[in-house]
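Novice: Below is one structure. I have some questions about it.
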Amino acid sequence: MKLSEQKKALKASVEAAQAVGKLMRQNLRAQKKIDSQSQHDIKLQLDVRSQKLIEKQLTTKFPEISVLGEEGDSGDNQSNYRWVVDPIDGTVNFTYTIPHACVSIALQEKKGTRYETTVGVVYDPFCDELWTAIRGQPAFLNGKKIEVSKRKNLDQCIVSIGFAKSKETMEKTLPYFNKMLPQIRKVRMMGAAALALTYVASGRFDAYIESGIQLWDIAAGGLIVECAGGEFWNQELDVPNKFKILANNGLLRGQLEKIGKL
Ligand code: IPD
Ligand code: CA
C-alpha cells in the first residue's frame, strides 16, 4: 500500500476511534450491561456495539479489507490487508468506572505467511490522547512527535507488567514479577495493554511485559513503540493470535531477560 493510502487508512482509523471514544466518555458512569464474564474478564454489550461502529466506518471506506477483532471477525480471512481492532481495551477498568481504557485499531498487510502492522491508532478518550503511527515514519501523540525514554539502568526504570486472564499466565508471571520488583524503580499495572505500549512509546514507562496477550491488544501499540524508536519484541505462542511480548526503549531487553523466563 502506498503512503497516500496508508494516510487515508490512518485518517479513517482516527475517526472510528474518536467515535467510539465519544461513546466511552458518554457511558463511563452509566450502568453497563454485561454480556458474559469469567473470573478475570468481563465482556460488555458496549464492547460489541463499539466494534460494530468501527467496522461500519472502516468497511464503508475500505470494503475489501477484512476485520479481526476482539468481538469477532468479518470479511475474507485470507485477504492481503486486515484491520485488527480492540474496540475497548481495558474493559474491566471501564466497567468499574476507572477512566483508563482506550480504542486500538491497526492495519496489517500480508507479508508471505504472516501479517505486518503498517498503521496504528490508539485513542484514550478520558485524557483525550491520540497516538498514531505509520511504519517507517515517526510516532505522534496529539500530532507531536514522541520518543521512547533513554533510561538504561533498570534501577531507574518504570516497568509495567500484565498478567493476562488465565490461571496459567498468572502462575507463570508471578515468579518473574517477584524477582523484578526489587530491581526496578516502580512497577505499574494499569489494566489496558494498548495504553501501556503507548506509554512506553511516549517515554513514560520504560518497558511493558506480558505473556498470553492477544493480537488486538498489541498490534497498534507495538507499531507505535517501534516508530517512537523502541523495541517491540514479540513471540507468537502455540495458540494463534496469542503472544508473549517485551516492549522497551531499546536498551533494556538484556537486563529484563536476565531476570527470568516468562
Ligand atoms: C486486556 C487488558 C489487560 C491485559 C489483558 C488484555 P481487555 O484487554 O489490556 O491490561 O492484561 O491481557 O486482554 O480485555 O480489557 O480488552
Ligand atoms: Ca483488549
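Within each chain, counting starts at residue 1; across the C-alpha cells, chains are named A, B, ... in the order shown, with ligands numbered 1 upward in that order.
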Within 8 Å of ligand 2 (counting only C-alpha atoms and all ligand atoms), which residues show up? I'd like them as a PDB file with N, CA, C and O atoms, in the first residue's frame.
Specialist:
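As a result, pocket_17.pdb now contains:
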ATOM      1  N   GLU A  70     -11.499  -8.240  18.708  1.00  0.00           N
ATOM      2  CA  GLU A  70     -11.765  -8.928  19.974  1.00  0.00           C
ATOM      3  C   GLU A  70     -13.203  -9.439  20.001  1.00  0.00           C
ATOM      4  O   GLU A  70     -13.490 -10.467  20.604  1.00  0.00           O
ATOM      5  N   ASP A  86      -9.300  -3.616  18.710  1.00  0.00           N
ATOM      6  CA  ASP A  86      -9.779  -3.816  20.076  1.00  0.00           C
ATOM      7  C   ASP A  86     -10.678  -2.616  20.382  1.00  0.00           C
ATOM      8  O   ASP A  86     -10.196  -1.504  20.611  1.00  0.00           O
ATOM      9  N   PRO A  87     -12.001  -2.814  20.348  1.00  0.00           N
ATOM     10  CA  PRO A  87     -12.890  -1.649  20.463  1.00  0.00           C
ATOM     11  C   PRO A  87     -12.780  -0.957  21.810  1.00  0.00           C
ATOM     12  O   PRO A  87     -12.822   0.268  21.885  1.00  0.00           O
ATOM     13  N   ILE A  88     -12.640  -1.754  22.882  1.00  0.00           N
ATOM     14  CA  ILE A  88     -12.379  -1.158  24.206  1.00  0.00           C
ATOM     15  C   ILE A  88     -11.281  -2.003  24.850  1.00  0.00           C
ATOM     16  O   ILE A  88     -11.490  -3.173  25.182  1.00  0.00           O
ATOM     17  N   ASP A  89     -10.110  -1.420  24.987  1.00  0.00           N
ATOM     18  CA  ASP A  89      -9.048  -2.123  25.711  1.00  0.00           C
ATOM     19  C   ASP A  89      -9.028  -1.548  27.124  1.00  0.00           C
ATOM     20  O   ASP A  89      -8.968  -0.338  27.306  1.00  0.00           O
ATOM     21  N   GLY A  90      -9.127  -2.454  28.094  1.00  0.00           N
ATOM     22  CA  GLY A  90      -9.267  -2.014  29.481  1.00  0.00           C
ATOM     23  C   GLY A  90     -10.728  -2.107  29.898  1.00  0.00           C
ATOM     24  O   GLY A  90     -11.227  -1.261  30.657  1.00  0.00           O
ATOM     25  N   THR A  91     -11.417  -3.133  29.416  1.00  0.00           N
ATOM     26  CA  THR A  91     -12.866  -3.260  29.687  1.00  0.00           C
ATOM     27  C   THR A  91     -13.161  -3.367  31.183  1.00  0.00           C
ATOM     28  O   THR A  91     -14.152  -2.812  31.653  1.00  0.00           O
ATOM     29  N   ALA A 192      -4.703  -1.711  30.841  1.00  0.00           N
ATOM     30  CA  ALA A 192      -5.013  -1.546  29.407  1.00  0.00           C
ATOM     31  C   ALA A 192      -3.684  -1.676  28.657  1.00  0.00           C
ATOM     32  O   ALA A 192      -2.876  -0.747  28.628  1.00  0.00           O
ATOM     33  N   ALA A 193      -3.478  -2.838  28.050  1.00  0.00           N
ATOM     34  CA  ALA A 193      -2.186  -3.140  27.429  1.00  0.00           C
ATOM     35  C   ALA A 193      -1.835  -2.152  26.309  1.00  0.00           C
ATOM     36  O   ALA A 193      -0.682  -1.740  26.183  1.00  0.00           O
ATOM     37  N   ALA A 194      -2.836  -1.777  25.516  1.00  0.00           N
ATOM     38  CA  ALA A 194      -2.554  -0.868  24.400  1.00  0.00           C
ATOM     39  C   ALA A 194      -2.026   0.472  24.929  1.00  0.00           C
ATOM     40  O   ALA A 194      -1.108   1.064  24.354  1.00  0.00           O
ATOM     41  N   GLN A 214      -3.363 -10.930  23.602  1.00  0.00           N
ATOM     42  CA  GLN A 214      -3.961 -11.141  22.273  1.00  0.00           C
ATOM     43  C   GLN A 214      -3.474 -10.091  21.272  1.00  0.00           C
ATOM     44  O   GLN A 214      -3.168  -8.961  21.641  1.00  0.00           O
ATOM     45  N   TRP A 216      -5.056  -8.211  19.169  1.00  0.00           N
ATOM     46  CA  TRP A 216      -5.754  -6.916  19.095  1.00  0.00           C
ATOM     47  C   TRP A 216      -5.332  -5.957  20.209  1.00  0.00           C
ATOM     48  O   TRP A 216      -5.517  -4.760  20.094  1.00  0.00           O
ATOM     49  N   ASP A 217      -4.774  -6.493  21.312  1.00  0.00           N
ATOM     50  CA  ASP A 217      -4.291  -5.631  22.398  1.00  0.00           C
ATOM     51  C   ASP A 217      -2.985  -4.928  22.015  1.00  0.00           C
ATOM     52  O   ASP A 217      -2.645  -3.906  22.602  1.00  0.00           O
TER      53      ASP A 217
END
Novice: Just the residues within 7 Å of Trp233 (chain A), please, counting only C-alpha atoms, with nothing from its chain fewer than 4 positions along; format it as a list of chain:residue names.
Specialist: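 Here the answer would be A:Ile245, A:Leu246, A:Ala247.
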Novice: For CA of Gln108 (chain A) and CA of Glu147 (chain A), determine how far apart the two atoms are, in Å to one decimal place.
Specialist: 22.7 Å
Novice: Of the candidates A:Leu28, A:Leu107, A:Leu197, A:Ala19, which one gets nearest to Arg49 (chain A) if we count only C-alpha atoms?
Specialist: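 With only C-alpha atoms as the atom set, the closest residue is A:Ala19.
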Novice: Find the spatial neighbours of Phe126 (chain A), counting only C-alpha atoms, within a cut-off of 6 Å - ignore same-chain residues fewer than 2 positions away - and output them as a count of residues only.
Specialist: 3
Novice: My list of candidates is A:Ala207, A:Val159, A:Val85, A:Leu154. Which is closest to ligand 1 when distances are computed with only C-alpha atoms and all ligand atoms?
Specialist: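 With only C-alpha atoms and all ligand atoms as the atom set, the closest residue is A:Val85.
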Novice: Hey, what's within 12 Å of Pro63 (chain A) if we count only C-alpha atoms and toss same-chain stuff fewer than 5 positions away? As a list in words, please?
Specialist: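 Non-adjacent residues within range: Glu55, Lys56, Gln57, Leu58, Ser74, Gly75, Asp76, Ser79, Tyr81, Arg82 and Trp83 of chain A.
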Novice: Rank A:Gln156, A:Thr173, A:Gly72, A:Gly203 by their smallest atom-to-atom distance to Arg185 (chain A), using only C-alpha atoms, and report the top residue only.
Specialist: A:Gln156
Novice: Rank nothing, just name the residue among A:Gln78, A:Thr198, A:Gln137, A:Ser211 nearest to ligand 1, using only C-alpha atoms and all ligand atoms.
Specialist: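 Using only C-alpha atoms and all ligand atoms, ligand 1 sits closest to A:Ser211.
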Novice: With distances taken over only C-alpha atoms, which residue among A:Ala106, A:Ala17, A:Ile184, A:Val92 lies nearest Ile218 (chain A)?
Specialist: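 Of A:Ala106, A:Ala17, A:Ile184, A:Val92, the one nearest Ile218 (chain A), counting only C-alpha atoms, is A:Ala106.
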Novice: Quick one: residues within 12 Å of Gln18 (chain A), only C-alpha atoms counted, chain neighbours fewer than 2 positions away excluded, as an mmCIF file with all heavy atoms, in the first residue's frame?
Specialist:
data_model
loop_
_atom_site.group_PDB
_atom_site.id
_atom_site.type_symbol
_atom_site.label_atom_id
_atom_site.label_comp_id
_atom_site.auth_asym_id
_atom_site.auth_seq_id
_atom_site.Cartn_x
_atom_site.Cartn_y
_atom_site.Cartn_z
ATOM 1 N N LYS A 11 -6.413 8.105 8.744
ATOM 2 C CA LYS A 11 -7.484 9.093 8.973
ATOM 3 C C LYS A 11 -8.794 8.374 9.320
ATOM 4 O O LYS A 11 -9.484 8.745 10.279
ATOM 5 C CB LYS A 11 -7.643 9.958 7.714
ATOM 6 C CG LYS A 11 -8.615 11.095 7.859
ATOM 7 C CD LYS A 11 -8.510 12.048 6.665
ATOM 8 C CE LYS A 11 -9.503 13.187 6.770
ATOM 9 N NZ LYS A 11 -10.856 12.831 6.345
ATOM 10 N N ALA A 12 -9.096 7.325 8.575
ATOM 11 C CA ALA A 12 -10.338 6.573 8.838
ATOM 12 C C ALA A 12 -10.278 5.919 10.222
ATOM 13 O O ALA A 12 -11.276 5.888 10.952
ATOM 14 C CB ALA A 12 -10.535 5.525 7.750
ATOM 15 N N SER A 13 -9.111 5.395 10.588
ATOM 16 C CA SER A 13 -8.966 4.748 11.909
ATOM 17 C C SER A 13 -9.126 5.781 13.026
ATOM 18 O O SER A 13 -9.755 5.501 14.049
ATOM 19 C CB SER A 13 -7.586 4.102 12.070
ATOM 20 O OG SER A 13 -7.291 3.285 11.002
ATOM 21 N N VAL A 14 -8.561 6.953 12.837
ATOM 22 C CA VAL A 14 -8.684 8.019 13.846
ATOM 23 C C VAL A 14 -10.150 8.395 14.028
ATOM 24 O O VAL A 14 -10.650 8.496 15.147
ATOM 25 C CB VAL A 14 -7.841 9.257 13.448
ATOM 26 C CG1 VAL A 14 -8.195 10.463 14.289
ATOM 27 C CG2 VAL A 14 -6.348 8.949 13.574
ATOM 28 N N GLU A 15 -10.862 8.542 12.911
ATOM 29 C CA GLU A 15 -12.280 8.927 13.001
ATOM 30 C C GLU A 15 -13.091 7.849 13.727
ATOM 31 O O GLU A 15 -13.928 8.158 14.576
ATOM 32 C CB GLU A 15 -12.848 9.186 11.595
ATOM 33 C CG GLU A 15 -12.359 10.531 11.054
ATOM 34 C CD GLU A 15 -12.575 10.703 9.543
ATOM 35 O OE1 GLU A 15 -13.158 9.797 8.904
ATOM 36 O OE2 GLU A 15 -12.119 11.734 9.031
ATOM 37 N N ALA A 16 -12.818 6.597 13.396
ATOM 38 C CA ALA A 16 -13.557 5.494 14.039
ATOM 39 C C ALA A 16 -13.208 5.434 15.535
ATOM 40 O O ALA A 16 -14.087 5.265 16.387
ATOM 41 C CB ALA A 16 -13.209 4.180 13.351
ATOM 42 N N VAL A 20 -15.880 5.950 18.796
ATOM 43 C CA VAL A 20 -16.045 5.032 19.934
ATOM 44 C C VAL A 20 -15.609 5.711 21.231
ATOM 45 O O VAL A 20 -16.223 5.525 22.289
ATOM 46 C CB VAL A 20 -15.274 3.707 19.687
ATOM 47 C CG1 VAL A 20 -15.197 2.874 20.951
ATOM 48 C CG2 VAL A 20 -15.969 2.907 18.594
ATOM 49 N N GLY A 21 -14.582 6.532 21.152
ATOM 50 C CA GLY A 21 -14.133 7.263 22.338
ATOM 51 C C GLY A 21 -15.253 8.116 22.918
ATOM 52 O O GLY A 21 -15.438 8.181 24.146
ATOM 53 N N LYS A 22 -16.029 8.726 22.050
ATOM 54 C CA LYS A 22 -17.152 9.555 22.486
ATOM 55 C C LYS A 22 -18.176 8.688 23.227
ATOM 56 O O LYS A 22 -18.654 9.049 24.310
ATOM 57 C CB LYS A 22 -17.783 10.214 21.247
ATOM 58 C CG LYS A 22 -18.765 11.287 21.564
ATOM 59 C CD LYS A 22 -19.213 11.994 20.293
ATOM 60 C CE LYS A 22 -20.413 12.869 20.600
ATOM 61 N NZ LYS A 22 -21.144 13.245 19.399
ATOM 62 N N LEU A 23 -18.447 7.540 22.661
ATOM 63 C CA LEU A 23 -19.388 6.591 23.279
ATOM 64 C C LEU A 23 -18.871 6.148 24.664
ATOM 65 O O LEU A 23 -19.640 6.024 25.627
ATOM 66 C CB LEU A 23 -19.497 5.382 22.341
ATOM 67 C CG LEU A 23 -20.657 4.432 22.459
ATOM 68 C CD1 LEU A 23 -21.967 5.177 22.205
ATOM 69 C CD2 LEU A 23 -20.503 3.301 21.418
ATOM 70 N N MET A 24 -17.572 5.941 24.755
ATOM 71 C CA MET A 24 -16.976 5.531 26.044
ATOM 72 C C MET A 24 -17.114 6.641 27.082
ATOM 73 O O MET A 24 -17.448 6.389 28.237
ATOM 74 C CB MET A 24 -15.501 5.149 25.850
ATOM 75 C CG MET A 24 -15.304 3.836 25.106
ATOM 76 S SD MET A 24 -13.593 3.596 24.572
ATOM 77 C CE MET A 24 -12.780 3.240 26.109
ATOM 78 N N ARG A 25 -16.849 7.879 26.656
ATOM 79 C CA ARG A 25 -16.983 9.004 27.600
ATOM 80 C C ARG A 25 -18.423 9.136 28.083
ATOM 81 O O ARG A 25 -18.678 9.312 29.265
ATOM 82 C CB ARG A 25 -16.545 10.316 26.930
ATOM 83 C CG ARG A 25 -15.065 10.612 27.052
ATOM 84 C CD ARG A 25 -14.746 12.054 26.687
ATOM 85 N NE ARG A 25 -15.225 12.396 25.371
ATOM 86 C CZ ARG A 25 -14.513 12.285 24.243
ATOM 87 N NH1 ARG A 25 -13.265 11.865 24.297
ATOM 88 N NH2 ARG A 25 -15.028 12.613 23.072
ATOM 89 N N SER A 50 -19.363 -1.108 20.135
ATOM 90 C CA SER A 50 -18.218 -0.288 19.701
ATOM 91 C C SER A 50 -17.526 -0.924 18.495
ATOM 92 O O SER A 50 -17.138 -0.226 17.556
ATOM 93 C CB SER A 50 -17.219 -0.140 20.844
ATOM 94 O OG SER A 50 -17.833 0.484 21.933
ATOM 95 N N LEU A 53 -19.526 -0.324 15.385
ATOM 96 C CA LEU A 53 -19.383 1.056 14.925
ATOM 97 C C LEU A 53 -18.078 1.224 14.129
ATOM 98 O O LEU A 53 -18.052 1.829 13.050
ATOM 99 C CB LEU A 53 -19.411 1.980 16.152
ATOM 100 C CG LEU A 53 -19.368 3.478 15.955
ATOM 101 C CD1 LEU A 53 -20.564 3.944 15.142
ATOM 102 C CD2 LEU A 53 -19.406 4.194 17.327
ATOM 103 N N ILE A 54 -17.002 0.662 14.670
ATOM 104 C CA ILE A 54 -15.700 0.749 13.990
ATOM 105 C C ILE A 54 -15.771 0.017 12.643
ATOM 106 O O ILE A 54 -15.355 0.539 11.602
ATOM 107 C CB ILE A 54 -14.573 0.151 14.868
ATOM 108 C CG1 ILE A 54 -14.370 1.011 16.118
ATOM 109 C CG2 ILE A 54 -13.275 0.016 14.082
ATOM 110 C CD1 ILE A 54 -13.471 0.396 17.177
ATOM 111 N N GLN A 57 -17.716 1.957 9.987
ATOM 112 C CA GLN A 57 -16.975 3.103 9.440
ATOM 113 C C GLN A 57 -15.844 2.650 8.520
ATOM 114 O O GLN A 57 -15.625 3.223 7.468
ATOM 115 C CB GLN A 57 -16.385 3.923 10.593
ATOM 116 C CG GLN A 57 -17.454 4.613 11.410
ATOM 117 C CD GLN A 57 -16.942 5.927 12.004
ATOM 118 O OE1 GLN A 57 -15.860 6.386 11.694
ATOM 119 N NE2 GLN A 57 -17.733 6.538 12.855
ATOM 120 N N PRO A 87 -12.001 -2.814 20.348
ATOM 121 C CA PRO A 87 -12.890 -1.649 20.463
ATOM 122 C C PRO A 87 -12.780 -0.957 21.810
ATOM 123 O O PRO A 87 -12.822 0.268 21.885
ATOM 124 C CB PRO A 87 -14.284 -2.246 20.249
ATOM 125 C CG PRO A 87 -14.145 -3.708 20.540
ATOM 126 C CD PRO A 87 -12.740 -4.071 20.185
ATOM 127 N N ILE A 88 -12.640 -1.754 22.882
ATOM 128 C CA ILE A 88 -12.379 -1.158 24.206
ATOM 129 C C ILE A 88 -11.281 -2.003 24.850
ATOM 130 O O ILE A 88 -11.490 -3.173 25.182
ATOM 131 C CB ILE A 88 -13.625 -1.171 25.121
ATOM 132 C CG1 ILE A 88 -14.792 -0.412 24.472
ATOM 133 C CG2 ILE A 88 -13.284 -0.565 26.494
ATOM 134 C CD1 ILE A 88 -16.080 -0.383 25.300
ATOM 135 N N CYS A 102 -9.032 2.421 26.357
ATOM 136 C CA CYS A 102 -8.777 3.060 25.057
ATOM 137 C C CYS A 102 -9.360 2.254 23.914
ATOM 138 O O CYS A 102 -9.873 1.151 24.106
ATOM 139 C CB CYS A 102 -7.272 3.203 24.866
ATOM 140 S SG CYS A 102 -6.421 1.616 24.732
ATOM 141 N N VAL A 103 -9.239 2.815 22.721
ATOM 142 C CA VAL A 103 -9.604 2.135 21.478
ATOM 143 C C VAL A 103 -8.298 1.859 20.733
ATOM 144 O O VAL A 103 -7.430 2.730 20.691
ATOM 145 C CB VAL A 103 -10.497 3.041 20.599
ATOM 146 C CG1 VAL A 103 -11.015 2.276 19.392
ATOM 147 C CG2 VAL A 103 -11.637 3.643 21.408
ATOM 148 N N SER A 104 -8.179 0.667 20.174
ATOM 149 C CA SER A 104 -6.951 0.331 19.452
ATOM 150 C C SER A 104 -7.294 -0.218 18.069
ATOM 151 O O SER A 104 -8.052 -1.184 17.953
ATOM 152 C CB SER A 104 -6.174 -0.709 20.271
ATOM 153 O OG SER A 104 -5.074 -1.186 19.524
ATOM 154 N N ILE A 105 -6.753 0.410 17.038
ATOM 155 C CA ILE A 105 -7.017 -0.024 15.656
ATOM 156 C C ILE A 105 -5.693 -0.089 14.893
ATOM 157 O O ILE A 105 -4.928 0.879 14.886
ATOM 158 C CB ILE A 105 -7.970 0.951 14.927
ATOM 159 C CG1 ILE A 105 -9.307 1.082 15.689
ATOM 160 C CG2 ILE A 105 -8.225 0.486 13.488
ATOM 161 C CD1 ILE A 105 -10.273 2.112 15.099
ATOM 162 N N VAL A 121 -3.332 3.132 15.522
ATOM 163 C CA VAL A 121 -4.001 4.239 16.225
ATOM 164 C C VAL A 121 -4.457 3.745 17.590
ATOM 165 O O VAL A 121 -5.079 2.689 17.696
ATOM 166 C CB VAL A 121 -5.238 4.722 15.415
ATOM 167 C CG1 VAL A 121 -6.116 5.642 16.244
ATOM 168 C CG2 VAL A 121 -4.808 5.418 14.139
ATOM 169 N N VAL A 122 -4.112 4.489 18.629
ATOM 170 C CA VAL A 122 -4.625 4.199 19.979
ATOM 171 C C VAL A 122 -5.187 5.507 20.524
ATOM 172 O O VAL A 122 -4.510 6.541 20.496
ATOM 173 C CB VAL A 122 -3.508 3.657 20.908
ATOM 174 C CG1 VAL A 122 -4.014 3.528 22.344
ATOM 175 C CG2 VAL A 122 -3.005 2.295 20.420
ATOM 176 N N TYR A 123 -6.443 5.441 21.007
ATOM 177 C CA TYR A 123 -7.082 6.673 21.499
ATOM 178 C C TYR A 123 -7.587 6.477 22.927
ATOM 179 O O TYR A 123 -8.361 5.561 23.198
ATOM 180 C CB TYR A 123 -8.240 7.067 20.586
ATOM 181 C CG TYR A 123 -8.941 8.338 21.033
ATOM 182 C CD1 TYR A 123 -8.213 9.503 21.280
ATOM 183 C CD2 TYR A 123 -10.324 8.377 21.204
ATOM 184 C CE1 TYR A 123 -8.841 10.668 21.701
ATOM 185 C CE2 TYR A 123 -10.965 9.551 21.621
ATOM 186 C CZ TYR A 123 -10.204 10.694 21.870
ATOM 187 O OH TYR A 123 -10.820 11.847 22.290
ATOM 188 N N ASP A 124 -7.108 7.340 23.833
ATOM 189 C CA ASP A 124 -7.586 7.366 25.220
ATOM 190 C C ASP A 124 -8.606 8.508 25.321
ATOM 191 O O ASP A 124 -8.219 9.688 25.344
ATOM 192 C CB ASP A 124 -6.388 7.613 26.156
ATOM 193 C CG ASP A 124 -6.824 7.803 27.613
ATOM 194 O OD1 ASP A 124 -8.038 7.983 27.877
ATOM 195 O OD2 ASP A 124 -5.939 7.808 28.488
ATOM 196 N N PRO A 125 -9.901 8.184 25.374
ATOM 197 C CA PRO A 125 -10.913 9.244 25.339
ATOM 198 C C PRO A 125 -10.996 10.036 26.639
ATOM 199 O O PRO A 125 -11.547 11.134 26.656
ATOM 200 C CB PRO A 125 -12.221 8.472 25.098
ATOM 201 C CG PRO A 125 -11.981 7.101 25.625
ATOM 202 C CD PRO A 125 -10.513 6.831 25.449
ATOM 203 N N PHE A 126 -10.446 9.501 27.726
ATOM 204 C CA PHE A 126 -10.575 10.183 29.029
ATOM 205 C C PHE A 126 -9.490 11.245 29.210
ATOM 206 O O PHE A 126 -9.704 12.243 29.880
ATOM 207 C CB PHE A 126 -10.579 9.148 30.158
ATOM 208 C CG PHE A 126 -11.632 8.096 29.910
ATOM 209 C CD1 PHE A 126 -11.291 6.780 29.642
ATOM 210 C CD2 PHE A 126 -12.979 8.459 29.875
ATOM 211 C CE1 PHE A 126 -12.266 5.822 29.366
ATOM 212 C CE2 PHE A 126 -13.964 7.509 29.595
ATOM 213 C CZ PHE A 126 -13.606 6.186 29.336
ATOM 214 N N ASP A 128 -8.083 12.403 26.374
ATOM 215 C CA ASP A 128 -8.054 12.912 25.001
ATOM 216 C C ASP A 128 -6.634 12.836 24.427
ATOM 217 O O ASP A 128 -6.085 13.820 23.935
ATOM 218 C CB ASP A 128 -8.608 14.346 24.941
ATOM 219 C CG ASP A 128 -8.950 14.750 23.509
ATOM 220 O OD1 ASP A 128 -9.141 13.850 22.668
ATOM 221 O OD2 ASP A 128 -8.990 15.959 23.218
ATOM 222 N N GLU A 129 -6.060 11.659 24.507
ATOM 223 C CA GLU A 129 -4.723 11.436 23.949
ATOM 224 C C GLU A 129 -4.834 10.466 22.772
ATOM 225 O O GLU A 129 -5.369 9.361 22.906
ATOM 226 C CB GLU A 129 -3.778 10.879 25.023
ATOM 227 C CG GLU A 129 -3.462 11.927 26.096
ATOM 228 C CD GLU A 129 -2.277 11.556 26.961
ATOM 229 O OE1 GLU A 129 -2.226 10.413 27.440
ATOM 230 O OE2 GLU A 129 -1.406 12.419 27.174
ATOM 231 N N LEU A 130 -4.315 10.905 21.638
ATOM 232 C CA LEU A 130 -4.404 10.121 20.410
ATOM 233 C C LEU A 130 -2.992 9.822 19.898
ATOM 234 O O LEU A 130 -2.238 10.739 19.577
ATOM 235 C CB LEU A 130 -5.178 10.929 19.348
ATOM 236 C CG LEU A 130 -5.243 10.302 17.965
ATOM 237 C CD1 LEU A 130 -6.218 9.131 17.928
ATOM 238 C CD2 LEU A 130 -5.655 11.351 16.927
ATOM 239 N N TRP A 131 -2.646 8.542 19.867
ATOM 240 C CA TRP A 131 -1.341 8.139 19.342
ATOM 241 C C TRP A 131 -1.528 7.598 17.931
ATOM 242 O O TRP A 131 -2.470 6.809 17.690
ATOM 243 C CB TRP A 131 -0.734 7.027 20.199
ATOM 244 C CG TRP A 131 -0.174 7.477 21.500
ATOM 245 C CD1 TRP A 131 1.113 7.858 21.755
ATOM 246 C CD2 TRP A 131 -0.866 7.582 22.769
ATOM 247 N NE1 TRP A 131 1.268 8.189 23.081
ATOM 248 C CE2 TRP A 131 0.062 8.032 23.729
ATOM 249 C CE3 TRP A 131 -2.179 7.343 23.180
ATOM 250 C CZ2 TRP A 131 -0.265 8.231 25.068
ATOM 251 C CZ3 TRP A 131 -2.518 7.547 24.505
ATOM 252 C CH2 TRP A 131 -1.573 7.988 25.427
#
Novice: Taking the DSSP assignment computed from this structure's backbone, write out as an NGL selection string all residues of region 16-156 of chain A that belong to helix (DSSP H, G or I).
Specialist: :A and (16-27 or 45-61 or 91-95 or 154-156)
Novice: For Arg135 (chain A), find every residue with an atom within 8 Å (counting only C-alpha atoms), except residues of its own chain fewer than 5 positions away, and show them as number ranges by chain.
Specialist: A: 117-119, 223, 227
Novice: Applying 10 Å and only C-alpha atoms, which residues near Lys258 (chain A) remain after dropping the ones on its own chain fewer than 4 positions away? List them as a ChimeraX atom specification.
Specialist: /A:180,253-254
Novice: Closest to ligand 1 among A:Lys8, A:Lys261, A:Lys43, A:Arg188, using only C-alpha atoms and all ligand atoms?
Specialist: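 Of A:Lys8, A:Lys261, A:Lys43, A:Arg188, the one nearest ligand 1, counting only C-alpha atoms and all ligand atoms, is A:Lys43.
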Novice: Apply DSSP to the backbone of this structure and, from region 57-243 of chain A, keep only the residues in strand (DSSP E); write these as number ranges by chain.
Specialist: A: 66-69, 72-74, 81-89, 102-111, 114-124, 129-134, 139-141, 144-146, 158-162, 186-188, 207-214, 231-236, 242-243
Novice: In Å, with one decimal, what is the gap from CA of Asn27 (chain A) to CA of Gly212 (chain A)?
Specialist: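 Atom-to-atom, CA of Asn27 (chain A) and CA of Gly212 (chain A) are spaced 28.9 Å apart.
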